[in-house]
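**Student:** Structure file start-v2.cif (mmCIF, C-alpha atoms and all ligand atoms) right here:
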data_structure
loop_
_atom_site.label_atom_id
_atom_site.label_comp_id
_atom_site.auth_asym_id
_atom_site.auth_seq_id
_atom_site.Cartn_x
_atom_site.Cartn_y
_atom_site.Cartn_z
CA MET A 977 8.02 -48.98 -5.40
CA ALA A 978 9.79 -47.52 -2.39
CA LYS A 979 7.67 -46.79 0.64
CA GLN A 980 8.65 -43.14 0.49
CA GLN A 981 7.53 -42.92 -3.13
CA ILE A 982 4.15 -44.53 -2.42
CA ARG A 983 3.53 -42.19 0.45
CA LYS A 984 4.37 -39.22 -1.71
CA GLU A 985 1.98 -40.34 -4.44
CA LEU A 986 -0.84 -40.76 -1.98
CA ARG A 987 -0.34 -37.20 -0.94
CA VAL A 988 -0.36 -35.76 -4.45
CA THR A 989 -3.02 -37.81 -6.19
CA ALA A 990 -3.17 -36.52 -9.73
CA ILE A 991 -6.19 -34.90 -11.27
CA GLU A 992 -6.96 -35.12 -14.96
CA ASN A 993 -8.22 -31.58 -15.47
CA GLY A 994 -8.58 -28.77 -13.02
CA THR A 995 -6.72 -26.57 -10.61
CA VAL A 996 -4.50 -27.24 -7.63
CA ILE A 997 -3.98 -24.55 -5.04
CA ASP A 998 -0.79 -25.50 -3.21
CA HIS A 999 1.24 -23.91 -0.40
CA ILE A 1000 -1.76 -22.53 1.43
CA PRO A 1001 -0.90 -21.81 5.07
CA ALA A 1002 -2.66 -24.62 6.98
CA LYS A 1003 -4.66 -22.13 9.02
CA SER A 1004 -6.14 -20.59 5.86
CA VAL A 1005 -7.28 -23.72 4.02
CA PHE A 1006 -10.90 -23.58 5.11
CA LEU A 1007 -11.00 -19.82 4.62
CA VAL A 1008 -9.92 -20.32 1.00
CA ILE A 1009 -12.64 -22.95 0.56
CA SER A 1010 -15.24 -20.60 1.94
CA ILE A 1011 -14.25 -17.41 0.06
CA LEU A 1012 -14.15 -19.32 -3.23
CA GLY A 1013 -17.48 -20.96 -2.46
CA LEU A 1014 -15.95 -24.40 -2.98
CA ASP A 1015 -18.31 -25.80 -0.38
CA ARG A 1016 -21.19 -25.03 -2.74
CA ILE A 1017 -20.00 -26.43 -6.09
CA PRO A 1018 -20.57 -29.93 -7.48
CA HIS A 1019 -16.95 -30.52 -8.59
CA GLN A 1020 -14.72 -33.20 -7.11
CA ILE A 1021 -12.53 -31.56 -4.51
CA MET A 1022 -9.63 -32.98 -2.54
CA VAL A 1023 -8.39 -31.10 0.46
CA GLY A 1024 -5.27 -31.77 2.46
CA THR A 1025 -4.15 -29.79 5.44
CA ASN A 1026 -1.40 -29.77 8.05
CA LEU A 1027 0.93 -31.36 5.51
CA ASP A 1028 4.66 -30.93 6.02
CA SER A 1029 6.17 -28.21 3.91
CA ARG A 1030 9.65 -26.90 3.45
CA LYS A 1031 8.47 -23.37 2.67
CA LEU A 1032 5.72 -23.15 5.28
CA LYS A 1033 5.75 -25.18 8.46
CA LYS A 1034 2.39 -26.73 7.75
CA LYS A 1035 0.63 -26.31 4.47
CA GLY A 1036 -2.66 -27.09 2.91
CA ILE A 1037 -3.54 -28.07 -0.63
CA ILE A 1038 -6.85 -27.97 -2.50
CA LYS A 1039 -7.46 -29.78 -5.77
CA VAL A 1040 -10.57 -28.98 -7.74
CA SER A 1041 -11.44 -31.09 -10.76
CA ASN A 1042 -12.71 -29.45 -13.93
CA LYS A 1043 -12.50 -25.96 -12.49
CA TYR A 1044 -10.37 -23.06 -13.67
CA PHE A 1045 -10.40 -19.93 -11.59
CA GLU A 1046 -11.14 -16.43 -12.87
CA SER A 1047 -8.79 -13.57 -12.03
CA GLU A 1048 -11.15 -12.24 -9.35
CA GLU A 1049 -11.09 -15.62 -7.63
CA ILE A 1050 -7.31 -15.77 -7.88
CA ASN A 1051 -7.11 -12.30 -6.32
CA LYS A 1052 -9.18 -13.57 -3.40
CA ILE A 1053 -6.74 -16.42 -2.92
CA ALA A 1054 -3.83 -13.96 -3.01
CA LEU A 1055 -5.43 -11.80 -0.34
CA VAL A 1056 -5.90 -14.62 2.19
CA ALA A 1057 -3.04 -16.92 1.17
CA PRO A 1058 -0.30 -14.89 -0.53
CA SER A 1059 2.10 -17.85 -0.36
CA ALA A 1060 -0.20 -20.00 -2.49
CA THR A 1061 0.82 -21.52 -5.79
CA LEU A 1062 -1.74 -22.03 -8.53
CA ILE A 1063 -1.29 -25.06 -10.75
CA VAL A 1064 -3.53 -25.60 -13.76
CA ILE A 1065 -3.74 -29.15 -15.06
CA LYS A 1066 -5.05 -30.29 -18.40
CA ASP A 1067 -4.95 -33.93 -19.39
CA TYR A 1068 -2.75 -34.77 -16.37
CA THR A 1069 -0.18 -32.21 -17.50
CA VAL A 1070 0.74 -29.00 -15.71
CA VAL A 1071 0.00 -26.21 -18.19
CA TYR A 1072 0.46 -23.32 -15.77
CA LYS A 1073 2.16 -22.94 -12.43
CA ALA A 1074 2.79 -19.68 -10.61
CA LYS A 1075 2.63 -18.08 -7.20
CA VAL A 1076 -0.48 -15.97 -6.76
CA GLU A 1077 0.15 -12.25 -6.72
CA ILE A 1078 -1.57 -9.46 -4.88
CA PRO A 1079 -2.63 -6.99 -7.59
CA GLU A 1080 -2.09 -3.20 -7.56
CA THR A 1081 -5.82 -2.56 -7.49
CA ILE A 1082 -8.73 -4.64 -6.31
CA SER A 1083 -12.31 -4.18 -7.36
CA LYS A 1084 -15.61 -5.86 -6.60
CA ILE A 1085 -14.43 -8.63 -4.30
CA VAL A 1086 -13.77 -6.74 -1.05
CA LYS A 1087 -16.10 -4.59 1.07
CA CYS A 1088 -15.04 -1.16 2.30
CA ILE A 1089 -14.68 -0.98 6.10
CA ASN A 1090 -16.41 2.41 6.29
CA PRO A 1091 -20.15 1.82 6.85
CA ASN A 1092 -20.88 5.28 5.43
CA CYS A 1093 -18.89 4.70 2.26
CA ILE A 1094 -21.04 5.12 -0.83
CA THR A 1095 -20.18 1.54 -1.85
CA ASN A 1096 -21.95 0.32 1.31
CA VAL A 1097 -24.92 2.65 0.92
CA GLU A 1098 -25.59 2.41 -2.79
CA ASN A 1099 -25.12 -0.37 -5.25
CA ILE A 1100 -21.66 0.70 -6.36
CA THR A 1101 -18.76 -1.61 -7.12
CA THR A 1102 -15.90 -1.22 -4.67
CA SER A 1103 -12.45 -0.27 -5.85
CA PHE A 1104 -9.24 -0.15 -3.84
CA THR A 1105 -5.60 0.67 -4.35
CA VAL A 1106 -3.28 -1.74 -2.57
CA ILE A 1107 -0.96 0.55 -0.65
CA ASP A 1108 0.86 -2.16 1.31
CA LYS A 1109 1.21 -5.65 -0.11
CA GLU A 1110 3.16 -7.05 2.85
CA ASP A 1111 0.74 -6.07 5.61
CA LEU A 1112 -2.16 -5.79 3.21
CA VAL A 1113 -3.67 -2.34 3.42
CA LEU A 1114 -6.28 -1.28 0.88
CA SER A 1115 -7.26 2.33 0.26
CA CYS A 1116 -10.84 2.89 -0.88
CA HIS A 1117 -11.14 4.74 -4.17
CA TYR A 1118 -14.32 6.48 -2.96
CA CYS A 1119 -13.87 7.37 0.72
CA GLU A 1120 -10.07 6.89 1.01
CA LYS A 1121 -10.46 4.93 4.26
CA PHE A 1122 -8.00 2.12 4.81
CA THR A 1123 -9.22 -1.44 5.01
CA LYS A 1124 -6.56 -3.57 6.67
CA LYS A 1125 -5.85 -7.27 6.50
CA GLU A 1126 -7.75 -8.15 9.69
CA ASN A 1127 -10.82 -6.23 8.49
CA ILE A 1128 -11.08 -7.60 4.99
CA ARG A 1129 -14.55 -8.91 4.24
CA PHE A 1130 -15.38 -10.41 0.91
CA LYS A 1131 -18.46 -9.56 -1.09
ZN ZN B 1 -14.95 3.33 1.02
#
For this file, produce the structure as structure tokens.
Ligand SMILES: [Zn+2]

**Tutor:**
Amino acid sequence: MAKQQIRKELRVTAIENGTVIDHIPAKSVFLVISILGLDRIPHQIMVGTNLDSRKLKKKGIIKVSNKYFESEEINKIALVAPSATLIVIKDYTVVYKAKVEIPETISKIVKCINPNCITNVENITTSFTVIDKEDLVLSCHYCEKFTKKENIRFK
């Protein structure tokens, strides 16, 4: 096997079943791990970061065995790593591969920036309309305050 080929295989060690999150900006890899709570689950996880990428300068990749993400979790990934690609693997075969997408509306997962917002005072589920997908600006359904990218806090 050519040296190049071996090196490539080391980098993309296959998983039998599970999910690969690829094309994460290198600076966001550990943020993705933390918002998904991957540091607290018993699954086998492989993490690579600062890998060379054509699309991004340096990318990260996370492979989680025997784990399939729910749409709320995928929305979290989209909010912090919109360039990410989600790859679902079953029996060593890719059964799904797509770029994550920031949805039109976001509920539950994000906190409203306004401390007086009813969602921060009472036990009410947050709900936002995404008014800018590029710069990431969320408008609260209850108080109409804008929560911007740099202020996003996850519940
Ligand atoms: Zn609010």

**Student:** Select the residues contacting ligand ZN 1 (chain B) at a distance of at most 6 Å, based on all atoms listed in the file, then format the selection as a list in words.

**Tutor:**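 So, counting all atoms listed in the file, the residues near ligand ZN 1 (chain B) are Cys1088, Asn1090, Cys1093, Cys1116, Tyr1118, Cys1119 and Lys1121 of chain A.
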
**Student:** In Å to one decimal, how far is atom CA of Leu1027 of chain A from atom CA of Asp1067 of chain A?

**Tutor:**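 If I compute the distance from atom CA of Asp1067 of chain A to atom CA of Leu1027 of chain A, I get 25.7 Å.
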
**Student:** Report the distance between atom CA of Ile1021 of chain A and atom CA of Glu1046 of chain A in Å, rounded to one decimal place.

**Tutor:**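 These atoms are spaced 17.3 Å apart.
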
**Student:** Rank nothing, just name the residue among A:Ser1004, A:Phe1130, A:Asn1051, A:Thr1123 nearest to Lys1075 of chain A, using only C-alpha atoms.

**Tutor:**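 For Lys1075 of chain A, the nearest of the given residues is A:Asn1051.
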
**Student:** Rank A:Val1056, A:Ile1089, A:Glu992, A:Ser1047 by their smallest atom-to-atom distance to Ser1010 of chain A, using only C-alpha atoms, and report the top residue only.

**Tutor:**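 The answer is A:Val1056, which sits nearest to Ser1010 of chain A.
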
**Student:** Of the candidates A:Val1040, A:Glu1077, A:Phe1104, A:Lys1087, which one gets nearest to Ile1065 of chain A if we count all atoms listed in the file?

**Tutor:**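 Looking at the shortest contact to Ile1065 of chain A, the residue is A:Val1040.
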
**Student:** What's the 12 Å shell around Ala990 of chain A, counting all atoms listed in the file, without same-chain residues fewer than 4 positions away, as a PDB file with C-alpha atoms, in the coordinates of the input?

**Tutor:**
ATOM      1  CA  LYS A 984       4.370 -39.220  -1.710  1.00  0.00           C
ATOM      2  CA  GLU A 985       1.980 -40.340  -4.440  1.00  0.00           C
ATOM      3  CA  LEU A 986      -0.840 -40.760  -1.980  1.00  0.00           C
ATOM      4  CA  GLY A 994      -8.580 -28.770 -13.020  1.00  0.00           C
ATOM      5  CA  THR A 995      -6.720 -26.570 -10.610  1.00  0.00           C
ATOM      6  CA  VAL A 996      -4.500 -27.240  -7.630  1.00  0.00           C
ATOM      7  CA  ILE A1021     -12.530 -31.560  -4.510  1.00  0.00           C
ATOM      8  CA  MET A1022      -9.630 -32.980  -2.540  1.00  0.00           C
ATOM      9  CA  ILE A1038      -6.850 -27.970  -2.500  1.00  0.00           C
ATOM     10  CA  LYS A1039      -7.460 -29.780  -5.770  1.00  0.00           C
ATOM     11  CA  VAL A1040     -10.570 -28.980  -7.740  1.00  0.00           C
ATOM     12  CA  SER A1041     -11.440 -31.090 -10.760  1.00  0.00           C
ATOM     13  CA  ILE A1063      -1.290 -25.060 -10.750  1.00  0.00           C
ATOM     14  CA  VAL A1064      -3.530 -25.600 -13.760  1.00  0.00           C
ATOM     15  CA  ILE A1065      -3.740 -29.150 -15.060  1.00  0.00           C
ATOM     16  CA  LYS A1066      -5.050 -30.290 -18.400  1.00  0.00           C
ATOM     17  CA  ASP A1067      -4.950 -33.930 -19.390  1.00  0.00           C
ATOM     18  CA  TYR A1068      -2.750 -34.770 -16.370  1.00  0.00           C
ATOM     19  CA  THR A1069      -0.180 -32.210 -17.500  1.00  0.00           C
ATOM     20  CA  VAL A1070       0.740 -29.000 -15.710  1.00  0.00           C
TER      21      VAL A1070
END

**Student:** For a test of reading the model, state the distance in Å between atom CA of Lys1084 of chain A and atom CA of Ile1037 of chain A, rounded to one decimal.

**Tutor:** 26.0 Å

**Student:** Identify the residues within 10 Å of coordinate (-10.2, -23.2, 4.1) (same frame as the file), considering only C-alpha atoms, and give the answer as a PDB file with C-alpha atoms, in the coordinates of the input.

**Tutor:**
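To be explicit, this is the file written out as result_1.pdb:
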ATOM      1  CA  ILE A1000      -1.760 -22.530   1.430  1.00  0.00           C
ATOM      2  CA  PRO A1001      -0.900 -21.810   5.070  1.00  0.00           C
ATOM      3  CA  ALA A1002      -2.660 -24.620   6.980  1.00  0.00           C
ATOM      4  CA  LYS A1003      -4.660 -22.130   9.020  1.00  0.00           C
ATOM      5  CA  SER A1004      -6.140 -20.590   5.860  1.00  0.00           C
ATOM      6  CA  VAL A1005      -7.280 -23.720   4.020  1.00  0.00           C
ATOM      7  CA  PHE A1006     -10.900 -23.580   5.110  1.00  0.00           C
ATOM      8  CA  LEU A1007     -11.000 -19.820   4.620  1.00  0.00           C
ATOM      9  CA  VAL A1008      -9.920 -20.320   1.000  1.00  0.00           C
ATOM     10  CA  ILE A1009     -12.640 -22.950   0.560  1.00  0.00           C
ATOM     11  CA  SER A1010     -15.240 -20.600   1.940  1.00  0.00           C
ATOM     12  CA  ILE A1011     -14.250 -17.410   0.060  1.00  0.00           C
ATOM     13  CA  LEU A1012     -14.150 -19.320  -3.230  1.00  0.00           C
ATOM     14  CA  LEU A1014     -15.950 -24.400  -2.980  1.00  0.00           C
ATOM     15  CA  ASP A1015     -18.310 -25.800  -0.380  1.00  0.00           C
ATOM     16  CA  VAL A1023      -8.390 -31.100   0.460  1.00  0.00           C
ATOM     17  CA  THR A1025      -4.150 -29.790   5.440  1.00  0.00           C
ATOM     18  CA  GLY A1036      -2.660 -27.090   2.910  1.00  0.00           C
ATOM     19  CA  ILE A1037      -3.540 -28.070  -0.630  1.00  0.00           C
ATOM     20  CA  ILE A1038      -6.850 -27.970  -2.500  1.00  0.00           C
ATOM     21  CA  VAL A1056      -5.900 -14.620   2.190  1.00  0.00           C
ATOM     22  CA  ALA A1057      -3.040 -16.920   1.170  1.00  0.00           C
TER      23      ALA A1057
END
